[in-house]
$ cat protein.tsv   # TSV, C-alpha atoms
chain	number	residue	atom	x	y	z
A	1	MET	CA	5.99	115.07	181.73
A	2	LEU	CA	2.86	115.71	183.77
A	3	SER	CA	4.02	113.68	186.75
A	4	GLU	CA	6.65	115.18	188.99
A	5	PRO	CA	9.83	113.13	188.51
A	6	ARG	CA	11.07	111.33	191.59
A	7	SER	CA	14.45	112.91	191.00
A	8	GLY	CA	12.75	116.30	191.24
A	9	ARG	CA	11.21	115.50	194.62
A	10	LEU	CA	14.50	114.13	195.93
A	11	ALA	CA	16.48	117.15	194.74
A	12	ALA	CA	13.94	119.77	195.84
A	13	TRP	CA	13.35	118.45	199.35
A	14	GLY	CA	16.94	117.29	199.71
A	15	ASN	CA	18.07	120.84	198.98
A	16	ALA	CA	15.61	122.20	201.53
A	17	LEU	CA	16.99	119.76	204.09
A	18	LEU	CA	20.61	120.64	203.31
A	19	ALA	CA	19.72	124.32	203.75
A	20	GLY	CA	18.13	123.64	207.13
A	21	LEU	CA	14.67	124.74	205.94
A	22	VAL	CA	12.84	121.46	206.68
A	23	SER	CA	13.25	118.58	209.10
A	24	PRO	CA	14.54	115.17	207.94
A	25	ASP	CA	11.12	113.62	208.60
A	26	ASP	CA	9.29	116.23	206.53
A	27	ALA	CA	11.81	115.94	203.69
A	28	VAL	CA	11.56	112.15	203.53
A	29	LEU	CA	7.75	112.25	203.68
A	30	ALA	CA	7.64	114.63	200.73
A	31	ILE	CA	10.22	112.66	198.70
A	32	VAL	CA	8.49	109.31	199.15
A	33	GLY	CA	5.08	110.77	198.30
A	34	GLU	CA	2.62	108.02	197.40
A	35	ASP	CA	5.33	105.36	197.09
A	36	ALA	CA	5.66	102.76	199.84
A	37	VAL	CA	9.35	103.15	200.61
A	38	HIS	CA	12.61	104.54	199.19
A	39	ARG	CA	16.05	103.10	199.90
A	40	VAL	CA	19.56	104.01	198.79
A	41	GLU	CA	21.97	101.28	197.65
A	42	GLY	CA	25.73	101.62	197.19
A	43	LEU	CA	26.20	104.54	199.57
A	44	PRO	CA	29.86	104.81	200.65
A	45	GLY	CA	30.33	103.17	204.02
A	46	GLU	CA	27.13	101.13	203.85
A	47	ALA	CA	27.16	97.45	202.90
A	48	ALA	CA	23.36	97.25	202.46
A	49	PRO	CA	20.58	99.57	201.29
A	50	VAL	CA	19.63	102.26	203.82
A	51	GLY	CA	16.66	104.55	204.32
A	52	LEU	CA	16.47	108.09	202.98
A	53	THR	CA	16.99	109.76	206.33
A	54	LEU	CA	20.31	108.03	206.89
A	55	ALA	CA	21.30	108.43	203.23
A	56	LEU	CA	20.71	112.18	203.12
A	57	GLY	CA	22.59	112.63	206.38
A	58	ARG	CA	25.49	110.57	205.07
A	59	LEU	CA	25.64	112.54	201.82
A	60	ARG	CA	25.84	115.76	203.80
A	61	THR	CA	28.65	114.29	205.92
A	62	LEU	CA	30.47	113.29	202.74
A	63	GLY	CA	30.35	116.89	201.55
A	64	ALA	CA	27.15	117.19	199.51
A	65	SER	CA	26.18	120.86	199.36
A	66	GLY	CA	23.33	120.66	196.86
A	67	LEU	CA	21.39	118.33	194.60
A	68	ARG	CA	20.75	118.72	190.87
A	69	ILE	CA	18.59	116.64	188.56
A	70	ALA	CA	19.09	115.23	185.08
A	71	LEU	CA	16.26	114.27	182.70
A	72	PRO	CA	18.09	112.64	179.78
A	73	ALA	CA	16.51	111.21	176.64
A	74	PRO	CA	18.04	109.37	173.67
A	75	GLY	CA	20.40	111.79	171.95
A	76	HIS	CA	19.98	114.40	174.69
A	77	PRO	CA	22.06	113.81	177.88
A	78	LEU	CA	20.29	116.68	179.66
A	79	GLY	CA	21.90	117.44	183.02
A	80	LEU	CA	24.50	114.67	182.86
A	81	SER	CA	28.27	115.00	183.11
A	82	GLY	CA	29.47	111.39	182.96
A	83	PRO	CA	31.04	108.95	183.24
A	84	PRO	CA	29.44	106.76	180.54
A	85	GLU	CA	28.37	104.09	183.04
A	86	PHE	CA	26.36	106.58	185.08
A	87	ASN	CA	24.94	108.23	181.97
A	88	ALA	CA	23.73	104.86	180.68
A	89	ARG	CA	21.92	104.07	183.93
A	90	ALA	CA	20.39	107.54	184.04
A	91	LEU	CA	19.26	107.32	180.41
A	92	GLU	CA	17.58	103.99	181.09
A	93	ALA	CA	15.73	105.47	184.07
A	94	GLU	CA	15.17	108.78	182.21
A	95	GLU	CA	16.20	110.68	185.34
A	96	ALA	CA	18.91	111.02	187.97
A	97	VAL	CA	20.13	113.18	190.84
A	98	ILE	CA	23.70	114.52	190.95
A	99	CYS	CA	25.30	115.67	194.20
A	100	GLU	CA	27.29	118.89	194.35
A	101	GLY	CA	30.37	118.81	196.55
A	102	VAL	CA	30.86	115.06	196.31
A	103	ALA	CA	31.28	113.04	193.11
A	104	LEU	CA	28.18	110.87	193.54
A	105	GLY	CA	24.91	110.47	191.69
A	106	LEU	CA	21.65	108.63	192.37
A	107	VAL	CA	19.57	106.75	189.80
A	108	PRO	CA	16.14	105.35	190.74
A	109	GLU	CA	14.93	101.84	190.03
A	110	VAL	CA	11.21	101.34	190.56
A	111	TYR	CA	9.60	98.07	191.66
A	112	GLU	CA	5.83	97.60	191.43
A	113	ALA	CA	3.70	94.80	192.88
A	114	GLY	CA	0.02	94.20	193.47
A	115	PRO	CA	-3.22	94.43	191.48
A	116	ALA	CA	-4.42	97.49	189.61
A	117	GLY	CA	-5.70	100.08	192.04
A	118	ASP	CA	-3.58	98.73	194.88
A	119	VAL	CA	-0.04	98.86	193.51
A	120	HIS	CA	2.80	98.78	196.02
A	121	ILE	CA	5.76	100.82	194.79
A	122	GLU	CA	9.27	100.59	196.18
A	123	VAL	CA	12.15	102.71	194.87
A	124	VAL	CA	15.83	101.85	195.15
A	125	TRP	CA	18.24	104.71	194.45
A	126	HIS	CA	21.54	103.38	193.15
A	127	CYS	CA	24.44	105.54	194.35
A	128	LEU	CA	27.20	105.68	191.73
A	129	PRO	CA	30.32	107.75	190.99
A	130	VAL	CA	29.89	110.76	188.71
A	131	ARG	CA	32.30	113.04	186.92
A	132	GLU	CA	32.63	116.52	188.40
A	133	ALA	CA	31.99	118.64	185.34
A	134	PRO	CA	29.36	121.13	184.10
A	135	PRO	CA	26.01	119.42	183.37
A	136	ALA	CA	24.98	119.09	179.74
A	137	ASP	CA	22.58	121.58	178.12
A	138	VAL	CA	21.02	123.09	181.27
A	139	PRO	CA	19.73	126.64	180.67
A	140	SER	CA	19.32	129.44	183.18
A	141	LEU	CA	15.83	130.09	184.52
A	142	GLY	CA	15.51	133.16	182.34
A	143	GLU	CA	16.53	131.29	179.22
A	144	ALA	CA	14.21	128.39	180.06
A	145	GLU	CA	11.24	130.69	180.58
A	146	ARG	CA	11.75	132.50	177.27
A	147	GLU	CA	12.35	129.30	175.29
A	148	LEU	CA	9.33	127.60	176.82
A	149	ALA	CA	6.97	130.47	176.05
A	150	GLU	CA	8.18	130.56	172.43
A	151	ALA	CA	7.95	126.79	172.00
A	152	LEU	CA	4.47	126.69	173.49
A	153	ARG	CA	3.26	129.45	171.18
A	154	ASP	CA	4.71	127.82	168.07
A	155	ALA	CA	3.45	124.33	168.93
A	156	THR	CA	-0.03	125.58	169.82
A	157	ALA	CA	-0.29	127.28	166.43
A	158	VAL	CA	0.72	124.12	164.57
A	159	LEU	CA	-1.53	121.81	166.62
A	160	SER	CA	-4.49	124.16	166.31
A	161	ARG	CA	-4.08	124.16	162.55
A	162	LEU	CA	-4.10	120.36	162.62
A	163	ASP	CA	-7.14	120.36	164.93
A	164	VAL	CA	-5.39	118.39	167.70
A	165	ALA	CA	-4.76	121.12	170.25
A	166	GLY	CA	-6.99	119.59	172.90
A	167	SER	CA	-10.58	118.67	172.14
A	168	GLY	CA	-12.73	115.73	173.05
A	169	ARG	CA	-13.33	113.74	176.24
A	170	VAL	CA	-9.79	112.45	176.63
A	171	ALA	CA	-8.38	115.96	176.46
A	172	GLU	CA	-10.97	117.28	178.92
A	173	ALA	CA	-10.15	114.48	181.37
A	174	ALA	CA	-6.45	115.24	181.09
A	175	VAL	CA	-7.04	118.94	181.76
A	176	ASP	CA	-9.23	118.16	184.79
A	177	ALA	CA	-6.62	115.78	186.18
A	178	TYR	CA	-3.88	118.36	185.72
A	179	ARG	CA	-5.89	121.07	187.48
A	180	ALA	CA	-6.65	118.74	190.39
A	181	ARG	CA	-2.96	117.90	190.75
A	182	ALA	CA	-2.02	121.56	190.60
A	183	GLU	CA	-4.40	122.42	193.41
A	184	ARG	CA	-3.07	119.59	195.59
A	185	GLY	CA	0.61	120.23	194.92
A	186	ARG	CA	1.33	123.91	195.45
A	187	GLU	CA	4.62	123.20	197.26
A	188	VAL	CA	6.19	121.02	194.59
A	189	LEU	CA	9.55	122.77	194.74
A	190	ALA	CA	9.92	122.80	198.55
A	191	PRO	CA	10.91	125.79	200.70
A	192	GLY	CA	13.84	127.89	199.54
A	193	TYR	CA	13.13	127.99	195.80
A	194	PRO	CA	12.76	131.35	194.03
A	195	PRO	CA	9.27	132.27	192.78
A	196	ARG	CA	10.53	132.31	189.19
A	197	ALA	CA	11.48	128.62	189.49
A	198	VAL	CA	7.92	127.79	190.54
A	199	ARG	CA	6.57	129.76	187.58
A	200	VAL	CA	8.90	128.03	185.12
A	201	LEU	CA	8.06	124.57	186.47
A	202	GLU	CA	4.32	125.25	186.28
A	203	LEU	CA	4.68	126.41	182.68
A	204	ALA	CA	6.72	123.30	181.86
A	205	GLN	CA	3.95	121.16	183.36
A	206	ARG	CA	1.33	122.93	181.27
A	207	VAL	CA	3.43	122.26	178.20
A	208	GLY	CA	3.62	118.63	179.30
A	209	LEU	CA	-0.17	118.57	179.39
A	210	LEU	CA	-0.32	119.78	175.80
A	211	ILE	CA	2.20	117.15	174.72
A	212	SER	CA	0.33	114.34	176.50
A	213	VAL	CA	-3.04	115.32	175.09
A	214	ALA	CA	-1.70	115.70	171.55
A	215	SER	CA	0.31	112.47	171.73
A	216	GLU	CA	-2.23	110.21	173.43
A	217	ASN	CA	-5.51	111.43	172.00
A	218	GLY	CA	-5.24	109.42	168.80
A	219	PRO	CA	-4.70	111.02	165.39
A	220	GLY	CA	-7.18	113.85	166.22
A	221	GLY	CA	-8.12	115.85	163.17
A	222	ALA	CA	-4.98	114.99	161.22
A	223	VAL	CA	-6.25	113.39	158.05
A	224	SER	CA	-3.02	112.55	156.31
A	225	ALA	CA	0.34	111.01	157.08
A	226	SER	CA	2.01	114.36	156.41
A	227	GLU	CA	-0.18	116.10	159.00
A	228	ILE	CA	0.50	113.38	161.58
A	229	ALA	CA	4.22	113.78	160.89
A	230	ALA	CA	3.83	117.55	161.26
A	231	ARG	CA	2.29	117.06	164.69
A	232	ALA	CA	5.17	114.84	165.81
A	233	GLU	CA	7.67	117.32	164.40
A	234	ALA	CA	6.00	120.17	166.29
A	235	LEU	CA	5.98	118.29	169.59
A	236	ARG	CA	9.59	117.07	169.48
A	237	PRO	CA	11.34	120.38	170.17
A	238	VAL	CA	8.63	121.41	172.62
A	239	GLU	CA	9.13	118.26	174.69
A	240	ARG	CA	12.88	118.86	174.71
A	241	THR	CA	12.40	122.48	175.76
A	242	ALA	CA	9.99	121.48	178.53
A	243	ARG	CA	12.48	118.97	179.94
A	244	ARG	CA	15.23	121.62	179.89
A	245	ALA	CA	12.91	124.00	181.74
A	246	GLN	CA	12.13	121.40	184.39
A	247	VAL	CA	15.81	120.80	185.01
A	248	ALA	CA	16.47	124.54	185.20
A	249	ALA	CA	13.68	124.96	187.76
A	250	TYR	CA	14.76	122.11	190.03
A	251	ASN	CA	18.43	123.10	189.83
A	252	SER	CA	17.83	126.83	190.31
A	253	VAL	CA	18.22	126.83	194.08
A	254	VAL	CA	21.70	125.32	193.73
A	255	GLU	CA	22.60	127.95	191.14
A	256	GLU	CA	21.21	130.72	193.33
A	257	ARG	CA	23.34	129.66	196.27
A	258	GLY	CA	26.40	129.79	194.04
A	259	VAL	CA	27.14	126.10	194.48
A	260	ARG	CA	29.46	124.79	191.79

$ encode --input "protein.tsv" --output "structure tokens"
Amino acid sequence: MLSEPRSGRLAAWGNALLAGLVSPDDAVLAIVGEDAVHRVEGLPGEAAPVGLTLALGRLRTLGASGLRIALPAPGHPLGLSGPPEFNARALEAEEAVICEGVALGLVPEVYEAGPAGDVHIEVVWHCLPVREAPPADVPSLGEAERELAEALRDATAVLSRLDVAGSGRVAEAAVDAYRARAERGREVLAPGYPPRAVRVLELAQRVGLLISVASENGPGGAVSASEIAARAEALRPVERTARRAQVAAYNSVVEERGVR
């Protein structure tokens, strides 16, 4: 949850490119980020994988007018519309991009090589047919913001009572890392996104920090199985709400343009 999903970068900067707000080179540089290279496989009219610049141009030629993201999890096909084959690939990857205006979707497959500290990452986006239908369970920005604030308040109360809200060295390191990322990445959503989308995404990332700290920092102060179960129960709906908010933020520019 703390890391920006690759589908988010592709959708955000792809939307900025489609709107004429950034150059192809700037869009591709932002999408690739710290990865080595991204390619797109299965693009109509291409027999072999192609680079992002060509792929984004081809999608626009095919009629793509906007890009949405999906962040599905088991039992929660968030942002997906089918068919089952695409949904299965997206669920395995835990993310996907869906094109508006053309019935195509992109699912990333990540390849890593090299020793720790010097990992070479290549990403292949598999281009597959999608069903043109409303995406599953995606809220409006306003709904996402309200739900996220409520979920954060409720979860913080429960975790504080269980003494696992964020204490100790691991939690402090996680907070420091999050703040450093936030300072480096002010333009996460790319030009063209409404300020409210930036606010919602930042809140979703803060919620992700809480989830990561509470989940990864051992049993904390929970001294019984029932308290550990209570922590997990508190985090489950919060994680779901945070994912919905992320999708709403990344997809907001498409909604704002009235793309359907």

$ atom_distance --input "protein.tsv" --atom1 "atom CA of A:Thr61" --atom2 "atom CA of A:Leu104"
12.9 Å

$ closest_residue --input "protein.tsv" --among "A:Glu100, A:Asp25, A:Glu147, A:Asp118" --to "A:Arg60" --atoms "only C-alpha atoms"
A:Glu100

$ residues_around --input "protein.tsv" --residues "A:Pro49" --least-positions-apart "6" --cutoff "7 Å" --atoms "only C-alpha atoms" --output "MDAnalysis selection string"
chainID A and resid 39:42

$ atom_distance --input "protein.tsv" --atom1 "atom CA of A:Leu152" --atom2 "atom CA of A:Val238"
6.8 Å

$ atom_distance --input "protein.tsv" --atom1 "atom CA of A:Gly75" --atom2 "atom CA of A:Leu189"
27.5 Å

$ residues_around --input "protein.tsv" --residues "A:Ala11" --least-positions-apart "4" --cutoff "9 Å" --atoms "only C-alpha atoms" --output "ChimeraX atom specification"
/A:6-7,15-16,31,66-69,97-99,189,250-251

$ residues_around --input "protein.tsv" --residues "A:Glu109" --least-positions-apart "2" --cutoff "9 Å" --atoms "all atoms listed in the file" --output "PyMOL selection string"
chain A and resi 93+107+111+122-126

$ closest_residue --input "protein.tsv" --among "A:Arg244, A:Arg153, A:Arg58, A:Arg236" --to "A:Ser212" --atoms "only C-alpha atoms"
A:Arg236

$ closest_residue --input "protein.tsv" --among "A:Thr53, A:Ser252, A:Asn87, A:Ser81" --to "A:Arg196" --atoms "all atoms listed in the file"
A:Ser252

$ residues_around --input "protein.tsv" --residues "A:Ala149" --least-positions-apart "4" --cutoff "10 Å" --atoms "all atoms listed in the file" --output "number ranges by chain"
A: 144-145, 153-154, 200, 203-204, 207, 238, 241-242

$ axis_aligned_box --input "protein.tsv" --around "stretch 252-257 of chain A" --padding-each-side "4 Å" --output "JSON"
{"center_x": 20.6, "center_y": 128.0, "center_z": 193.3, "size_x": 13.5, "size_y": 13.4, "size_z": 14.0}

$ closest_residue --input "protein.tsv" --among "A:Tyr193, A:Glu143, A:Arg231, A:Ala96" --to "A:Ala12" --atoms "only C-alpha atoms"
A:Tyr193

$ closest_residue --input "protein.tsv" --among "A:Gly8, A:Pro237, A:Pro74, A:Gly208" --to "A:Ala88" --atoms "only C-alpha atoms"
A:Pro74

$ closest_residue --input "protein.tsv" --among "A:Ala245, A:Val138, A:Glu4, A:Ala19" --to "A:Arg257" --atoms "all atoms listed in the file"
A:Ala19

$ residues_around --input "protein.tsv" --residues "stretch 20-23 of chain A" --least-positions-apart "6" --cutoff "8 Å" --atoms "all atoms listed in the file" --output "PyMOL selection string"
chain A and resi 13+191-192

$ decode --input "protein.tsv" --residues "stretch 82-102 of chain A" --atoms "N, CA, C and O atoms" --output "short mmCIF file (atom, residue, chain, number, x, y, z; two decimals), in the first residue's frame"
data_model
loop_
_atom_site.label_atom_id
_atom_site.label_comp_id
_atom_site.auth_asym_id
_atom_site.auth_seq_id
_atom_site.Cartn_x
_atom_site.Cartn_y
_atom_site.Cartn_z
N GLY A 82 -14.30 -7.48 -16.15
CA GLY A 82 -14.29 -8.71 -16.92
C GLY A 82 -13.55 -8.53 -18.23
O GLY A 82 -13.07 -7.44 -18.54
N PRO A 83 -13.44 -9.64 -18.97
CA PRO A 83 -14.00 -10.97 -18.73
C PRO A 83 -13.20 -11.73 -17.66
O PRO A 83 -12.18 -11.23 -17.17
N PRO A 84 -13.63 -12.96 -17.32
CA PRO A 84 -12.95 -13.71 -16.27
C PRO A 84 -11.45 -13.90 -16.50
O PRO A 84 -10.67 -13.88 -15.54
N GLU A 85 -11.05 -14.10 -17.75
CA GLU A 85 -9.63 -14.32 -18.04
C GLU A 85 -8.80 -13.10 -17.64
O GLU A 85 -7.72 -13.22 -17.04
N PHE A 86 -9.29 -11.92 -17.99
CA PHE A 86 -8.56 -10.70 -17.61
C PHE A 86 -8.59 -10.51 -16.10
O PHE A 86 -7.57 -10.16 -15.49
N ASN A 87 -9.73 -10.73 -15.50
CA ASN A 87 -9.84 -10.57 -14.05
C ASN A 87 -8.87 -11.47 -13.31
O ASN A 87 -8.26 -11.07 -12.31
N ALA A 88 -8.71 -12.70 -13.80
CA ALA A 88 -7.80 -13.65 -13.14
C ALA A 88 -6.36 -13.16 -13.22
O ALA A 88 -5.62 -13.24 -12.23
N ARG A 89 -5.96 -12.65 -14.38
CA ARG A 89 -4.59 -12.14 -14.53
C ARG A 89 -4.39 -10.91 -13.64
O ARG A 89 -3.34 -10.75 -13.01
N ALA A 90 -5.38 -10.04 -13.60
CA ALA A 90 -5.27 -8.85 -12.78
C ALA A 90 -5.23 -9.19 -11.30
O ALA A 90 -4.48 -8.58 -10.53
N LEU A 91 -6.02 -10.16 -10.88
CA LEU A 91 -6.02 -10.58 -9.48
C LEU A 91 -4.67 -11.16 -9.08
O LEU A 91 -4.17 -10.91 -7.98
N GLU A 92 -4.07 -11.92 -9.98
CA GLU A 92 -2.75 -12.49 -9.69
C GLU A 92 -1.71 -11.39 -9.53
O GLU A 92 -0.84 -11.46 -8.66
N ALA A 93 -1.79 -10.36 -10.37
CA ALA A 93 -0.84 -9.25 -10.31
C ALA A 93 -1.22 -8.24 -9.23
O ALA A 93 -0.40 -7.38 -8.86
N GLU A 94 -2.47 -8.28 -8.77
CA GLU A 94 -3.03 -7.36 -7.79
C GLU A 94 -3.18 -5.94 -8.33
O GLU A 94 -3.36 -4.99 -7.56
N GLU A 95 -3.13 -5.79 -9.65
CA GLU A 95 -3.32 -4.48 -10.26
C GLU A 95 -3.48 -4.63 -11.77
O GLU A 95 -3.10 -5.66 -12.35
N ALA A 96 -4.06 -3.60 -12.39
CA ALA A 96 -4.23 -3.59 -13.83
C ALA A 96 -4.61 -2.18 -14.26
O ALA A 96 -5.01 -1.34 -13.46
N VAL A 97 -4.48 -1.94 -15.57
CA VAL A 97 -4.92 -0.69 -16.18
C VAL A 97 -5.96 -1.03 -17.23
O VAL A 97 -5.78 -1.98 -18.01
N ILE A 98 -7.06 -0.28 -17.26
CA ILE A 98 -8.13 -0.51 -18.23
C ILE A 98 -8.26 0.74 -19.10
O ILE A 98 -8.32 1.86 -18.58
N CYS A 99 -8.27 0.54 -20.41
CA CYS A 99 -8.38 1.66 -21.34
C CYS A 99 -9.84 2.04 -21.55
O CYS A 99 -10.69 1.16 -21.70
N GLU A 100 -10.12 3.33 -21.58
CA GLU A 100 -11.43 3.84 -21.95
C GLU A 100 -11.42 4.15 -23.45
O GLU A 100 -10.47 4.72 -23.96
N GLY A 101 -12.49 3.78 -24.14
CA GLY A 101 -12.58 4.06 -25.55
C GLY A 101 -12.15 2.92 -26.44
O GLY A 101 -12.42 2.92 -27.65
N VAL A 102 -11.47 1.95 -25.88
CA VAL A 102 -11.07 0.75 -26.60
C VAL A 102 -11.06 -0.39 -25.60
O VAL A 102 -10.62 -0.22 -24.45
#
